[in-house]
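Peer 1: Input file: query32.txt. Contents: compact mmCIF, N, CA and C atoms.
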```
# COMPACT_ATOMS: atom_id res chain seq x y z
N MET R 1 -92.02 5.59 -50.84
CA MET R 1 -90.95 6.14 -51.63
C MET R 1 -89.75 5.20 -51.55
N TYR R 2 -89.32 4.69 -52.68
CA TYR R 2 -88.27 3.68 -52.77
C TYR R 2 -86.93 4.18 -52.20
N PHE R 3 -86.58 5.42 -52.47
CA PHE R 3 -85.28 5.94 -52.05
C PHE R 3 -85.38 6.92 -50.87
N LYS R 4 -86.33 6.73 -49.98
CA LYS R 4 -86.48 7.66 -48.86
C LYS R 4 -85.28 7.62 -47.91
N ASN R 5 -84.55 6.50 -47.89
CA ASN R 5 -83.38 6.39 -47.00
C ASN R 5 -82.06 6.35 -47.76
N ILE R 6 -82.04 6.90 -48.97
CA ILE R 6 -80.82 6.92 -49.78
C ILE R 6 -79.75 7.74 -49.09
N GLU R 7 -78.51 7.31 -49.19
CA GLU R 7 -77.40 8.02 -48.56
C GLU R 7 -76.26 8.20 -49.55
N LYS R 8 -75.47 9.23 -49.31
CA LYS R 8 -74.29 9.49 -50.14
C LYS R 8 -73.38 8.26 -50.08
N ASP R 9 -72.76 7.95 -51.20
CA ASP R 9 -71.84 6.82 -51.37
C ASP R 9 -72.51 5.46 -51.47
N ASN R 10 -73.86 5.40 -51.47
CA ASN R 10 -74.55 4.13 -51.76
C ASN R 10 -74.27 3.77 -53.22
N PHE R 11 -74.23 2.47 -53.49
CA PHE R 11 -74.13 2.01 -54.86
C PHE R 11 -75.52 1.58 -55.31
N VAL R 12 -75.90 2.02 -56.52
CA VAL R 12 -77.21 1.72 -57.09
C VAL R 12 -77.00 1.21 -58.51
N TYR R 13 -78.07 0.71 -59.11
CA TYR R 13 -77.98 0.17 -60.47
C TYR R 13 -79.06 0.78 -61.35
N SER R 14 -78.62 1.40 -62.43
CA SER R 14 -79.53 2.00 -63.40
C SER R 14 -79.76 1.02 -64.55
N LEU R 15 -81.00 0.88 -64.97
CA LEU R 15 -81.31 0.03 -66.12
C LEU R 15 -80.68 0.58 -67.39
N ILE R 16 -80.34 1.85 -67.39
CA ILE R 16 -79.74 2.48 -68.56
C ILE R 16 -78.21 2.50 -68.47
N TYR R 17 -77.67 3.00 -67.36
CA TYR R 17 -76.23 3.24 -67.25
C TYR R 17 -75.44 2.18 -66.48
N GLY R 18 -76.10 1.27 -65.79
CA GLY R 18 -75.40 0.27 -64.99
C GLY R 18 -75.14 0.74 -63.58
N GLU R 19 -74.06 0.26 -62.98
CA GLU R 19 -73.77 0.60 -61.59
C GLU R 19 -73.25 2.02 -61.46
N GLY R 20 -73.71 2.70 -60.41
CA GLY R 20 -73.28 4.06 -60.14
C GLY R 20 -73.21 4.30 -58.65
N LYS R 21 -72.59 5.43 -58.29
CA LYS R 21 -72.40 5.79 -56.89
C LYS R 21 -73.13 7.10 -56.60
N VAL R 22 -73.88 7.12 -55.52
CA VAL R 22 -74.62 8.32 -55.12
C VAL R 22 -73.62 9.38 -54.69
N LYS R 23 -73.72 10.56 -55.32
CA LYS R 23 -72.78 11.65 -55.03
C LYS R 23 -73.38 12.71 -54.10
N ASN R 24 -74.64 13.02 -54.28
CA ASN R 24 -75.29 14.07 -53.49
C ASN R 24 -76.69 13.64 -53.09
N VAL R 25 -77.08 13.98 -51.86
CA VAL R 25 -78.43 13.70 -51.39
C VAL R 25 -78.92 14.92 -50.61
N LEU R 26 -80.12 15.37 -50.95
CA LEU R 26 -80.70 16.48 -50.19
C LEU R 26 -81.09 15.99 -48.79
N PRO R 27 -80.92 16.83 -47.79
CA PRO R 27 -81.39 16.45 -46.44
C PRO R 27 -82.91 16.27 -46.47
N LYS R 28 -83.43 15.40 -45.62
CA LYS R 28 -84.87 15.08 -45.63
C LYS R 28 -85.74 16.32 -45.48
N GLY R 29 -85.33 17.30 -44.71
CA GLY R 29 -86.12 18.51 -44.51
C GLY R 29 -86.19 19.41 -45.73
N ALA R 30 -85.28 19.24 -46.67
CA ALA R 30 -85.23 20.09 -47.87
C ALA R 30 -85.89 19.44 -49.08
N ARG R 31 -86.37 18.23 -48.95
CA ARG R 31 -86.95 17.50 -50.08
C ARG R 31 -88.38 17.93 -50.37
N VAL R 32 -88.71 17.96 -51.66
CA VAL R 32 -90.06 18.26 -52.11
C VAL R 32 -90.49 17.10 -53.00
N GLU R 33 -91.65 16.54 -52.72
CA GLU R 33 -92.13 15.38 -53.48
C GLU R 33 -92.20 15.70 -54.97
N GLY R 34 -91.67 14.79 -55.78
CA GLY R 34 -91.68 14.96 -57.22
C GLY R 34 -90.46 15.67 -57.77
N PHE R 35 -89.61 16.23 -56.89
CA PHE R 35 -88.40 16.91 -57.33
C PHE R 35 -87.20 16.00 -57.13
N TYR R 36 -86.10 16.34 -57.77
CA TYR R 36 -84.90 15.52 -57.68
C TYR R 36 -84.26 15.68 -56.30
N ILE R 37 -83.95 14.55 -55.67
CA ILE R 37 -83.41 14.61 -54.31
C ILE R 37 -81.99 14.04 -54.20
N PHE R 38 -81.55 13.30 -55.23
CA PHE R 38 -80.18 12.78 -55.17
C PHE R 38 -79.62 12.66 -56.58
N SER R 39 -78.29 12.59 -56.66
CA SER R 39 -77.64 12.42 -57.96
C SER R 39 -76.68 11.24 -57.88
N VAL R 40 -76.51 10.59 -59.03
CA VAL R 40 -75.68 9.41 -59.13
C VAL R 40 -74.65 9.64 -60.22
N GLN R 41 -73.40 9.31 -59.90
CA GLN R 41 -72.32 9.42 -60.88
C GLN R 41 -72.11 8.06 -61.53
N PHE R 42 -72.26 8.04 -62.85
CA PHE R 42 -71.94 6.87 -63.65
C PHE R 42 -70.63 7.20 -64.35
N ASP R 43 -70.12 6.33 -65.19
CA ASP R 43 -68.82 6.58 -65.83
C ASP R 43 -68.69 8.01 -66.35
N LYS R 44 -69.58 8.39 -67.24
CA LYS R 44 -69.47 9.71 -67.89
C LYS R 44 -70.65 10.62 -67.58
N ASN R 45 -71.60 10.17 -66.80
CA ASN R 45 -72.83 10.93 -66.60
C ASN R 45 -73.15 11.13 -65.13
N LEU R 46 -73.64 12.31 -64.81
CA LEU R 46 -74.20 12.59 -63.49
C LEU R 46 -75.69 12.77 -63.71
N ILE R 47 -76.50 11.87 -63.15
CA ILE R 47 -77.94 11.89 -63.37
C ILE R 47 -78.64 12.17 -62.04
N HIS R 48 -79.68 12.99 -62.08
CA HIS R 48 -80.46 13.34 -60.89
C HIS R 48 -81.74 12.51 -60.87
N TYR R 49 -82.17 12.15 -59.66
CA TYR R 49 -83.33 11.27 -59.50
C TYR R 49 -84.27 11.80 -58.42
N THR R 50 -85.55 11.47 -58.61
CA THR R 50 -86.55 11.76 -57.57
C THR R 50 -86.50 10.64 -56.53
N GLU R 51 -87.28 10.80 -55.48
CA GLU R 51 -87.36 9.78 -54.43
C GLU R 51 -87.93 8.46 -54.95
N ASP R 52 -88.64 8.52 -56.07
CA ASP R 52 -89.20 7.33 -56.69
C ASP R 52 -88.26 6.71 -57.72
N GLY R 53 -87.07 7.32 -57.95
CA GLY R 53 -86.11 6.78 -58.90
C GLY R 53 -86.35 7.20 -60.34
N VAL R 54 -87.10 8.27 -60.55
CA VAL R 54 -87.35 8.79 -61.89
C VAL R 54 -86.20 9.72 -62.26
N PRO R 55 -85.54 9.50 -63.40
CA PRO R 55 -84.37 10.31 -63.79
C PRO R 55 -84.73 11.64 -64.41
N ASN R 56 -83.78 12.57 -64.36
CA ASN R 56 -84.01 13.89 -64.94
C ASN R 56 -84.04 13.88 -66.46
N TRP R 57 -83.49 12.87 -67.12
CA TRP R 57 -83.47 12.85 -68.58
C TRP R 57 -84.83 12.54 -69.19
N CYS R 58 -85.76 11.98 -68.42
CA CYS R 58 -87.02 11.59 -69.06
C CYS R 58 -88.12 12.63 -68.89
N GLY R 59 -87.93 13.60 -68.05
CA GLY R 59 -88.93 14.65 -67.90
C GLY R 59 -90.31 14.11 -67.58
N ASN R 60 -91.34 14.72 -68.12
CA ASN R 60 -92.71 14.28 -67.85
C ASN R 60 -93.15 13.14 -68.75
N ASP R 61 -92.32 12.79 -69.75
CA ASP R 61 -92.72 11.80 -70.73
C ASP R 61 -92.78 10.38 -70.19
N CYS R 62 -91.73 9.95 -69.48
CA CYS R 62 -91.73 8.54 -69.07
C CYS R 62 -92.20 8.37 -67.63
N GLY R 63 -91.65 9.14 -66.72
CA GLY R 63 -92.11 9.10 -65.33
C GLY R 63 -92.00 7.75 -64.66
N THR R 64 -91.10 6.87 -65.11
CA THR R 64 -90.96 5.55 -64.51
C THR R 64 -89.59 5.39 -63.86
N GLN R 65 -89.55 4.57 -62.86
CA GLN R 65 -88.32 4.31 -62.14
C GLN R 65 -87.34 3.55 -63.03
N THR R 66 -86.10 4.03 -63.09
CA THR R 66 -85.08 3.37 -63.90
C THR R 66 -83.85 3.01 -63.07
N ILE R 67 -83.89 3.25 -61.78
CA ILE R 67 -82.75 2.97 -60.92
C ILE R 67 -83.23 2.23 -59.67
N PHE R 68 -82.40 1.29 -59.22
CA PHE R 68 -82.78 0.43 -58.10
C PHE R 68 -81.54 0.13 -57.26
N TYR R 69 -81.78 -0.40 -56.07
CA TYR R 69 -80.68 -1.00 -55.33
C TYR R 69 -80.37 -2.31 -56.05
N LYS R 70 -79.09 -2.59 -56.26
CA LYS R 70 -78.69 -3.75 -57.07
C LYS R 70 -79.30 -5.05 -56.57
N GLN R 71 -79.41 -5.20 -55.26
CA GLN R 71 -79.93 -6.46 -54.70
C GLN R 71 -81.42 -6.65 -55.01
N ASP R 72 -82.11 -5.62 -55.46
CA ASP R 72 -83.53 -5.71 -55.76
C ASP R 72 -83.81 -6.09 -57.21
N ILE R 73 -82.78 -6.20 -58.03
CA ILE R 73 -82.97 -6.54 -59.44
C ILE R 73 -82.77 -8.04 -59.63
N ASP R 74 -83.72 -8.66 -60.29
CA ASP R 74 -83.62 -10.08 -60.61
C ASP R 74 -82.96 -10.19 -61.98
N PHE R 75 -81.64 -10.34 -62.00
CA PHE R 75 -80.89 -10.35 -63.25
C PHE R 75 -81.19 -11.57 -64.11
N GLU R 76 -81.81 -12.58 -63.54
CA GLU R 76 -82.19 -13.75 -64.34
C GLU R 76 -83.36 -13.44 -65.26
N ARG R 77 -84.12 -12.42 -64.95
CA ARG R 77 -85.28 -12.05 -65.78
C ARG R 77 -84.94 -10.93 -66.77
N VAL R 78 -83.70 -10.48 -66.76
CA VAL R 78 -83.28 -9.38 -67.61
C VAL R 78 -82.63 -9.94 -68.88
N ASP R 79 -82.87 -9.29 -69.99
CA ASP R 79 -82.38 -9.75 -71.28
C ASP R 79 -81.01 -9.16 -71.61
N PHE R 80 -80.00 -10.02 -71.65
CA PHE R 80 -78.65 -9.63 -72.04
C PHE R 80 -78.23 -10.27 -73.36
N LYS R 81 -79.15 -10.96 -74.02
CA LYS R 81 -78.81 -11.72 -75.23
C LYS R 81 -78.21 -10.83 -76.32
N PRO R 82 -77.18 -11.34 -77.04
CA PRO R 82 -76.63 -10.57 -78.16
C PRO R 82 -77.62 -10.58 -79.33
N ILE R 83 -77.42 -9.66 -80.26
CA ILE R 83 -78.31 -9.60 -81.41
C ILE R 83 -77.99 -10.75 -82.36
N GLU R 84 -79.03 -11.19 -83.05
CA GLU R 84 -78.86 -12.27 -84.02
C GLU R 84 -78.59 -11.71 -85.41
N GLU R 85 -79.22 -10.59 -85.71
CA GLU R 85 -79.09 -10.00 -87.03
C GLU R 85 -79.00 -8.48 -86.89
N GLU R 86 -77.97 -7.89 -87.48
CA GLU R 86 -77.79 -6.45 -87.39
C GLU R 86 -78.74 -5.75 -88.35
N LEU R 87 -79.40 -4.71 -87.86
CA LEU R 87 -80.33 -3.94 -88.69
C LEU R 87 -79.58 -2.86 -89.46
N SER R 88 -80.14 -2.45 -90.57
CA SER R 88 -79.56 -1.33 -91.33
C SER R 88 -80.03 -0.02 -90.69
N ILE R 89 -79.29 1.04 -90.94
CA ILE R 89 -79.69 2.36 -90.44
C ILE R 89 -81.06 2.73 -90.98
N LYS R 90 -81.33 2.41 -92.23
CA LYS R 90 -82.64 2.70 -92.84
C LYS R 90 -83.76 2.00 -92.05
N LYS R 91 -83.55 0.73 -91.71
CA LYS R 91 -84.55 -0.04 -90.97
C LYS R 91 -84.72 0.52 -89.55
N ILE R 92 -83.60 0.91 -88.91
CA ILE R 92 -83.65 1.49 -87.57
C ILE R 92 -84.48 2.77 -87.58
N LYS R 93 -84.22 3.63 -88.54
CA LYS R 93 -84.97 4.89 -88.64
C LYS R 93 -86.45 4.63 -88.91
N LYS R 94 -86.75 3.62 -89.71
CA LYS R 94 -88.14 3.27 -90.02
C LYS R 94 -88.87 2.78 -88.77
N LEU R 95 -88.18 1.98 -87.95
CA LEU R 95 -88.79 1.39 -86.75
C LEU R 95 -88.78 2.32 -85.54
N ARG R 96 -88.08 3.42 -85.65
CA ARG R 96 -87.86 4.30 -84.50
C ARG R 96 -89.13 4.70 -83.75
N ASP R 97 -90.18 5.01 -84.43
CA ASP R 97 -91.41 5.47 -83.79
C ASP R 97 -92.49 4.39 -83.73
N SER R 98 -92.11 3.14 -83.99
CA SER R 98 -93.10 2.06 -84.05
C SER R 98 -93.35 1.38 -82.70
N GLY R 99 -92.45 1.60 -81.73
CA GLY R 99 -92.56 0.89 -80.45
C GLY R 99 -91.96 -0.50 -80.52
N LYS R 100 -91.36 -0.86 -81.65
CA LYS R 100 -90.81 -2.20 -81.85
C LYS R 100 -89.29 -2.24 -81.84
N LEU R 101 -88.64 -1.13 -81.51
CA LEU R 101 -87.19 -1.06 -81.57
C LEU R 101 -86.60 -1.01 -80.16
N GLU R 102 -85.60 -1.86 -79.94
CA GLU R 102 -84.90 -1.89 -78.66
C GLU R 102 -83.45 -1.50 -78.87
N MET R 103 -82.85 -1.00 -77.77
CA MET R 103 -81.46 -0.57 -77.81
C MET R 103 -80.70 -1.24 -76.68
N LEU R 104 -79.47 -1.60 -76.96
CA LEU R 104 -78.58 -2.13 -75.94
C LEU R 104 -78.00 -0.94 -75.20
N CYS R 105 -78.39 -0.78 -73.94
CA CYS R 105 -77.96 0.36 -73.13
C CYS R 105 -76.54 0.14 -72.59
N PRO R 106 -75.89 1.21 -72.13
CA PRO R 106 -74.57 1.05 -71.53
C PRO R 106 -74.56 0.07 -70.35
N SER R 107 -75.70 -0.16 -69.73
CA SER R 107 -75.79 -1.12 -68.62
C SER R 107 -75.69 -2.56 -69.11
N GLY R 108 -75.86 -2.78 -70.41
CA GLY R 108 -75.85 -4.12 -70.97
C GLY R 108 -77.24 -4.71 -71.13
N LEU R 109 -78.27 -3.96 -70.73
CA LEU R 109 -79.66 -4.42 -70.82
C LEU R 109 -80.30 -3.90 -72.10
N TRP R 110 -81.18 -4.71 -72.67
CA TRP R 110 -81.98 -4.28 -73.81
C TRP R 110 -83.21 -3.56 -73.28
N ARG R 111 -83.47 -2.36 -73.81
CA ARG R 111 -84.65 -1.58 -73.42
C ARG R 111 -85.29 -1.02 -74.68
N ASN R 112 -86.62 -0.88 -74.65
CA ASN R 112 -87.31 -0.21 -75.73
C ASN R 112 -86.75 1.20 -75.83
N ILE R 113 -86.53 1.69 -77.05
CA ILE R 113 -85.89 3.01 -77.17
C ILE R 113 -86.74 4.12 -76.57
N GLU R 114 -88.04 3.89 -76.43
CA GLU R 114 -88.90 4.89 -75.81
C GLU R 114 -88.60 5.04 -74.32
N ALA R 115 -87.91 4.05 -73.73
CA ALA R 115 -87.55 4.07 -72.31
C ALA R 115 -86.07 4.39 -72.12
N CYS R 116 -85.44 4.93 -73.16
CA CYS R 116 -84.03 5.30 -73.11
C CYS R 116 -83.90 6.81 -73.29
N PRO R 117 -82.80 7.38 -72.77
CA PRO R 117 -82.58 8.82 -72.99
C PRO R 117 -82.46 9.11 -74.48
N LEU R 118 -83.16 10.11 -74.94
CA LEU R 118 -83.18 10.50 -76.35
C LEU R 118 -81.76 10.75 -76.87
N GLU R 119 -80.92 11.36 -76.05
CA GLU R 119 -79.55 11.67 -76.45
C GLU R 119 -78.75 10.40 -76.79
N ILE R 120 -78.91 9.35 -76.01
CA ILE R 120 -78.20 8.10 -76.26
C ILE R 120 -78.68 7.48 -77.57
N VAL R 121 -79.98 7.47 -77.78
CA VAL R 121 -80.55 6.90 -79.00
C VAL R 121 -80.07 7.69 -80.22
N GLN R 122 -80.17 9.00 -80.17
CA GLN R 122 -79.77 9.83 -81.29
C GLN R 122 -78.29 9.68 -81.62
N ASN R 123 -77.43 9.63 -80.58
CA ASN R 123 -76.00 9.47 -80.82
C ASN R 123 -75.68 8.13 -81.49
N ALA R 124 -76.34 7.07 -81.04
CA ALA R 124 -76.10 5.75 -81.63
C ALA R 124 -76.53 5.72 -83.10
N ILE R 125 -77.66 6.35 -83.41
CA ILE R 125 -78.13 6.40 -84.81
C ILE R 125 -77.18 7.27 -85.64
N LYS R 126 -76.81 8.42 -85.10
CA LYS R 126 -75.93 9.35 -85.81
C LYS R 126 -74.58 8.69 -86.13
N LYS R 127 -74.08 7.89 -85.20
CA LYS R 127 -72.78 7.23 -85.39
C LYS R 127 -72.91 5.86 -86.06
N ALA R 128 -74.13 5.54 -86.51
CA ALA R 128 -74.41 4.28 -87.22
C ALA R 128 -73.98 3.05 -86.42
N LYS R 129 -74.24 3.06 -85.14
CA LYS R 129 -73.92 1.90 -84.29
C LYS R 129 -75.09 0.91 -84.36
N THR R 130 -75.19 0.26 -85.49
CA THR R 130 -76.33 -0.62 -85.76
C THR R 130 -76.36 -1.86 -84.86
N SER R 131 -75.22 -2.24 -84.31
CA SER R 131 -75.19 -3.41 -83.42
C SER R 131 -75.86 -3.14 -82.08
N LEU R 132 -76.24 -1.90 -81.83
CA LEU R 132 -76.91 -1.55 -80.58
C LEU R 132 -78.43 -1.62 -80.68
N PHE R 133 -78.95 -2.00 -81.84
CA PHE R 133 -80.39 -2.02 -82.04
C PHE R 133 -80.87 -3.40 -82.48
N ARG R 134 -82.11 -3.69 -82.11
CA ARG R 134 -82.77 -4.91 -82.57
C ARG R 134 -84.28 -4.69 -82.54
N ILE R 135 -84.98 -5.55 -83.26
CA ILE R 135 -86.44 -5.51 -83.25
C ILE R 135 -86.90 -6.24 -82.00
N SER R 136 -87.84 -5.64 -81.30
CA SER R 136 -88.37 -6.24 -80.08
C SER R 136 -89.13 -7.52 -80.39
N GLU R 137 -88.89 -8.53 -79.57
CA GLU R 137 -89.61 -9.80 -79.73
C GLU R 137 -91.04 -9.68 -79.22
N PHE R 138 -91.24 -8.85 -78.23
CA PHE R 138 -92.55 -8.70 -77.59
C PHE R 138 -92.93 -7.23 -77.58
N VAL R 139 -94.18 -6.94 -77.88
CA VAL R 139 -94.66 -5.56 -77.88
C VAL R 139 -95.90 -5.48 -77.02
N GLY R 140 -96.01 -4.43 -76.24
CA GLY R 140 -97.20 -4.19 -75.42
C GLY R 140 -97.41 -5.24 -74.35
N ASN R 141 -98.62 -5.78 -74.26
CA ASN R 141 -98.96 -6.75 -73.22
C ASN R 141 -98.19 -8.05 -73.36
N ASP R 142 -97.75 -8.40 -74.57
CA ASP R 142 -96.98 -9.62 -74.78
C ASP R 142 -95.68 -9.60 -73.99
N ARG R 143 -95.10 -8.44 -73.77
CA ARG R 143 -93.84 -8.31 -73.03
C ARG R 143 -94.03 -8.80 -71.59
N ARG R 144 -95.17 -8.54 -71.01
CA ARG R 144 -95.42 -8.92 -69.61
C ARG R 144 -95.59 -10.42 -69.45
N LYS R 145 -95.92 -11.12 -70.51
CA LYS R 145 -96.17 -12.57 -70.43
C LYS R 145 -94.90 -13.38 -70.39
N ARG R 146 -93.74 -12.77 -70.63
CA ARG R 146 -92.46 -13.50 -70.66
C ARG R 146 -92.16 -14.15 -69.36
```
Reformat the file's structure so that it appears as structure tokens.
Peer 2:
Amino acid sequence: MYFKNIEKDNFVYSLIYGEGKVKNVLPKGARVEGFYIFSVQFDKNLIHYTEDGVPNWCGNDCGTQTIFYKQDIDFERVDFKPIEEELSIKKIKKLRDSGKLEMLCPSGLWRNIEACPLEIVQNAIKKAKTSLFRISEFVGNDRRKR
């Protein structure tokens, strides 16, 4: 378990929200595997996480770790590149369910929209923030070859 020794006031890094501070941690005796054991305060969001770093916003759909200790992230392998061409809202909506659309998260990282909180994606589309979207350069197994 990645966060078995997590403590209140630790600083962590979310692939979605960026740097945050641990606000609450359940005592080890009160923890149940698969349930949320700590919460992290980001600028505007309080997110709960399991011992494996799975956030409460993804439910059973994603089940993947999205938060890490900052020193464990290799920022040289992370994509921060700005967009080259802004997409239209029509194109964004068309690509939404294709697996080919990425979003610039509040953390500054590009992530496939399927790995982002639905609320963030919907708000960006609703507010026509087209500069937050781009077509993914790599899809599926090609992404791992980078």
Peer 1: If we count only C-alpha atoms and set the cut-off at 12 Å, which residues sit around R:Glu114, ignoring sequence neighbours fewer than 6 positions away in its own chain? Please answer as a PDB file with N, CA and C atoms, in the frame of the given file.
Peer 2:
```
ATOM      1  N   ILE R  16     -80.340   1.850 -67.390  1.00  0.00           N
ATOM      2  CA  ILE R  16     -79.740   2.480 -68.560  1.00  0.00           C
ATOM      3  C   ILE R  16     -78.210   2.500 -68.470  1.00  0.00           C
ATOM      4  N   CYS R  58     -85.760  11.980 -68.420  1.00  0.00           N
ATOM      5  CA  CYS R  58     -87.020  11.590 -69.060  1.00  0.00           C
ATOM      6  C   CYS R  58     -88.120  12.630 -68.890  1.00  0.00           C
ATOM      7  N   ASP R  61     -92.320  12.790 -69.750  1.00  0.00           N
ATOM      8  CA  ASP R  61     -92.720  11.800 -70.730  1.00  0.00           C
ATOM      9  C   ASP R  61     -92.780  10.380 -70.190  1.00  0.00           C
ATOM     10  N   CYS R  62     -91.730   9.950 -69.480  1.00  0.00           N
ATOM     11  CA  CYS R  62     -91.730   8.540 -69.070  1.00  0.00           C
ATOM     12  C   CYS R  62     -92.200   8.370 -67.630  1.00  0.00           C
ATOM     13  N   GLY R  63     -91.650   9.140 -66.720  1.00  0.00           N
ATOM     14  CA  GLY R  63     -92.110   9.100 -65.330  1.00  0.00           C
ATOM     15  C   GLY R  63     -92.000   7.750 -64.660  1.00  0.00           C
ATOM     16  N   THR R  64     -91.100   6.870 -65.110  1.00  0.00           N
ATOM     17  CA  THR R  64     -90.960   5.550 -64.510  1.00  0.00           C
ATOM     18  C   THR R  64     -89.590   5.390 -63.860  1.00  0.00           C
ATOM     19  N   LEU R  95     -88.180   1.980 -87.950  1.00  0.00           N
ATOM     20  CA  LEU R  95     -88.790   1.390 -86.750  1.00  0.00           C
ATOM     21  C   LEU R  95     -88.780   2.320 -85.540  1.00  0.00           C
ATOM     22  N   ARG R  96     -88.080   3.420 -85.650  1.00  0.00           N
ATOM     23  CA  ARG R  96     -87.860   4.300 -84.500  1.00  0.00           C
ATOM     24  C   ARG R  96     -89.130   4.700 -83.750  1.00  0.00           C
ATOM     25  N   ASP R  97     -90.180   5.010 -84.430  1.00  0.00           N
ATOM     26  CA  ASP R  97     -91.410   5.470 -83.790  1.00  0.00           C
ATOM     27  C   ASP R  97     -92.490   4.390 -83.730  1.00  0.00           C
ATOM     28  N   SER R  98     -92.110   3.140 -83.990  1.00  0.00           N
ATOM     29  CA  SER R  98     -93.100   2.060 -84.050  1.00  0.00           C
ATOM     30  C   SER R  98     -93.350   1.380 -82.700  1.00  0.00           C
ATOM     31  N   GLY R  99     -92.450   1.600 -81.730  1.00  0.00           N
ATOM     32  CA  GLY R  99     -92.560   0.890 -80.450  1.00  0.00           C
ATOM     33  C   GLY R  99     -91.960  -0.500 -80.520  1.00  0.00           C
ATOM     34  N   LYS R 100     -91.360  -0.860 -81.650  1.00  0.00           N
ATOM     35  CA  LYS R 100     -90.810  -2.200 -81.850  1.00  0.00           C
ATOM     36  C   LYS R 100     -89.290  -2.240 -81.840  1.00  0.00           C
ATOM     37  N   LEU R 101     -88.640  -1.130 -81.510  1.00  0.00           N
ATOM     38  CA  LEU R 101     -87.190  -1.060 -81.570  1.00  0.00           C
ATOM     39  C   LEU R 101     -86.600  -1.010 -80.160  1.00  0.00           C
ATOM     40  N   GLU R 102     -85.600  -1.860 -79.940  1.00  0.00           N
ATOM     41  CA  GLU R 102     -84.900  -1.890 -78.660  1.00  0.00           C
ATOM     42  C   GLU R 102     -83.450  -1.500 -78.870  1.00  0.00           C
ATOM     43  N   MET R 103     -82.850  -1.000 -77.770  1.00  0.00           N
ATOM     44  CA  MET R 103     -81.460  -0.570 -77.810  1.00  0.00           C
ATOM     45  C   MET R 103     -80.700  -1.240 -76.680  1.00  0.00           C
ATOM     46  N   ILE R 120     -78.910   9.350 -76.010  1.00  0.00           N
ATOM     47  CA  ILE R 120     -78.200   8.100 -76.260  1.00  0.00           C
ATOM     48  C   ILE R 120     -78.680   7.480 -77.570  1.00  0.00           C
ATOM     49  N   VAL R 121     -79.980   7.470 -77.780  1.00  0.00           N
ATOM     50  CA  VAL R 121     -80.550   6.900 -79.000  1.00  0.00           C
ATOM     51  C   VAL R 121     -80.070   7.690 -80.220  1.00  0.00           C
ATOM     52  N   GLN R 122     -80.170   9.000 -80.170  1.00  0.00           N
ATOM     53  CA  GLN R 122     -79.770   9.830 -81.290  1.00  0.00           C
ATOM     54  C   GLN R 122     -78.290   9.680 -81.620  1.00  0.00           C
ATOM     55  N   SER R 136     -87.840  -5.640 -81.300  1.00  0.00           N
ATOM     56  CA  SER R 136     -88.370  -6.240 -80.080  1.00  0.00           C
ATOM     57  C   SER R 136     -89.130  -7.520 -80.390  1.00  0.00           C
TER      58      SER R 136
END
```
Peer 1: Once you add 8 Å to each side, what are the centre and edge lengths of the axis-aligned box holding all listed atoms of stretch 43-54 of chain R? One decimal in Å, as lines of an AutoDock Vina configuration file, if you can.
Peer 2:
```
center_x = -78.9
center_y = 9.8
center_z = -61.2
size_x = 36.5
size_y = 23.0
size_z = 29.5
```
Peer 1: Mind checking which residues fall within 5 Å of stretch 49-54 of chain R, counting all atoms listed in the file, ignoring those fewer than 4 positions away in the same chain, and posting them as a ChimeraX atom specification?
Peer 2: /R:2-3,35-39,64-67
Peer 1: What is the atom CA of R:Leu132 to atom CA of R:Val22 distance in Å?
Peer 2: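 Separation of atom CA of R:Leu132 and atom CA of R:Val22: 27.4 Å.
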Peer 1: Quick one: distance from atom C of R:Asp79 to atom C of R:Asn5 in Å, one decimal?
Peer 2: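 Result for atom C of R:Asp79 versus atom C of R:Asn5: 28.5 Å, one decimal.
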Peer 1: Provide the atom CA of R:Val40 to atom CA of R:Leu118 distance in Å, to one decimal place.
Peer 2: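 Between atom CA of R:Val40 and atom CA of R:Leu118 the gap works out to 18.8 Å.
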Peer 1: Run DSSP on the backbone of this structure and report the residues of chain R it assigns to alpha helix (DSSP H), as number ranges by chain.
Peer 2: R: 59-62, 89-95, 118-126, 141-144
Peer 1: I'd like the neighbourhood of R:Ser107 as an mmCIF file with N, CA and C atoms, in the frame of the given file, where a residue qualifies if any of its atoms comes within 7 Å (using all atoms listed in the file), though same-chain residues fewer than 4 positions away should be ignored.
Peer 2:
```cif
data_model
loop_
_atom_site.group_PDB
_atom_site.id
_atom_site.type_symbol
_atom_site.label_atom_id
_atom_site.label_comp_id
_atom_site.auth_asym_id
_atom_site.auth_seq_id
_atom_site.Cartn_x
_atom_site.Cartn_y
_atom_site.Cartn_z
ATOM 1 N N SER R 14 -78.620 1.400 -62.430
ATOM 2 C CA SER R 14 -79.530 2.000 -63.400
ATOM 3 C C SER R 14 -79.760 1.020 -64.550
ATOM 4 N N LEU R 15 -81.000 0.880 -64.970
ATOM 5 C CA LEU R 15 -81.310 0.030 -66.120
ATOM 6 C C LEU R 15 -80.680 0.580 -67.390
ATOM 7 N N ILE R 16 -80.340 1.850 -67.390
ATOM 8 C CA ILE R 16 -79.740 2.480 -68.560
ATOM 9 C C ILE R 16 -78.210 2.500 -68.470
ATOM 10 N N TYR R 17 -77.670 3.000 -67.360
ATOM 11 C CA TYR R 17 -76.230 3.240 -67.250
ATOM 12 C C TYR R 17 -75.440 2.180 -66.480
ATOM 13 N N GLY R 18 -76.100 1.270 -65.790
ATOM 14 C CA GLY R 18 -75.400 0.270 -64.990
ATOM 15 C C GLY R 18 -75.140 0.740 -63.580
ATOM 16 N N GLU R 19 -74.060 0.260 -62.980
ATOM 17 C CA GLU R 19 -73.770 0.600 -61.590
ATOM 18 C C GLU R 19 -73.250 2.020 -61.460
#
```
Peer 1: Tell me which of R:Lys94, R:Gln41, R:Trp57, R:Leu87 sits closest to R:Phe133, counting only N, CA and C atoms.
Peer 2: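 Closest residue, counting only N, CA and C atoms: R:Leu87.
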Peer 1: So which one's closest to R:Ile83, R:Ser131, R:Leu109, R:Glu7, R:Cys116? Using all atoms listed in the file, please.
Peer 2: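 Using all atoms listed in the file, R:Ile83 sits closest to R:Ser131.
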Peer 1: Between R:Ala115, R:Pro106, R:Ala124, R:Lys21, which is the closest to R:Lys93 once you count only C-alpha atoms?
Peer 2: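 Result for the nearest residue to R:Lys93: R:Ala124.
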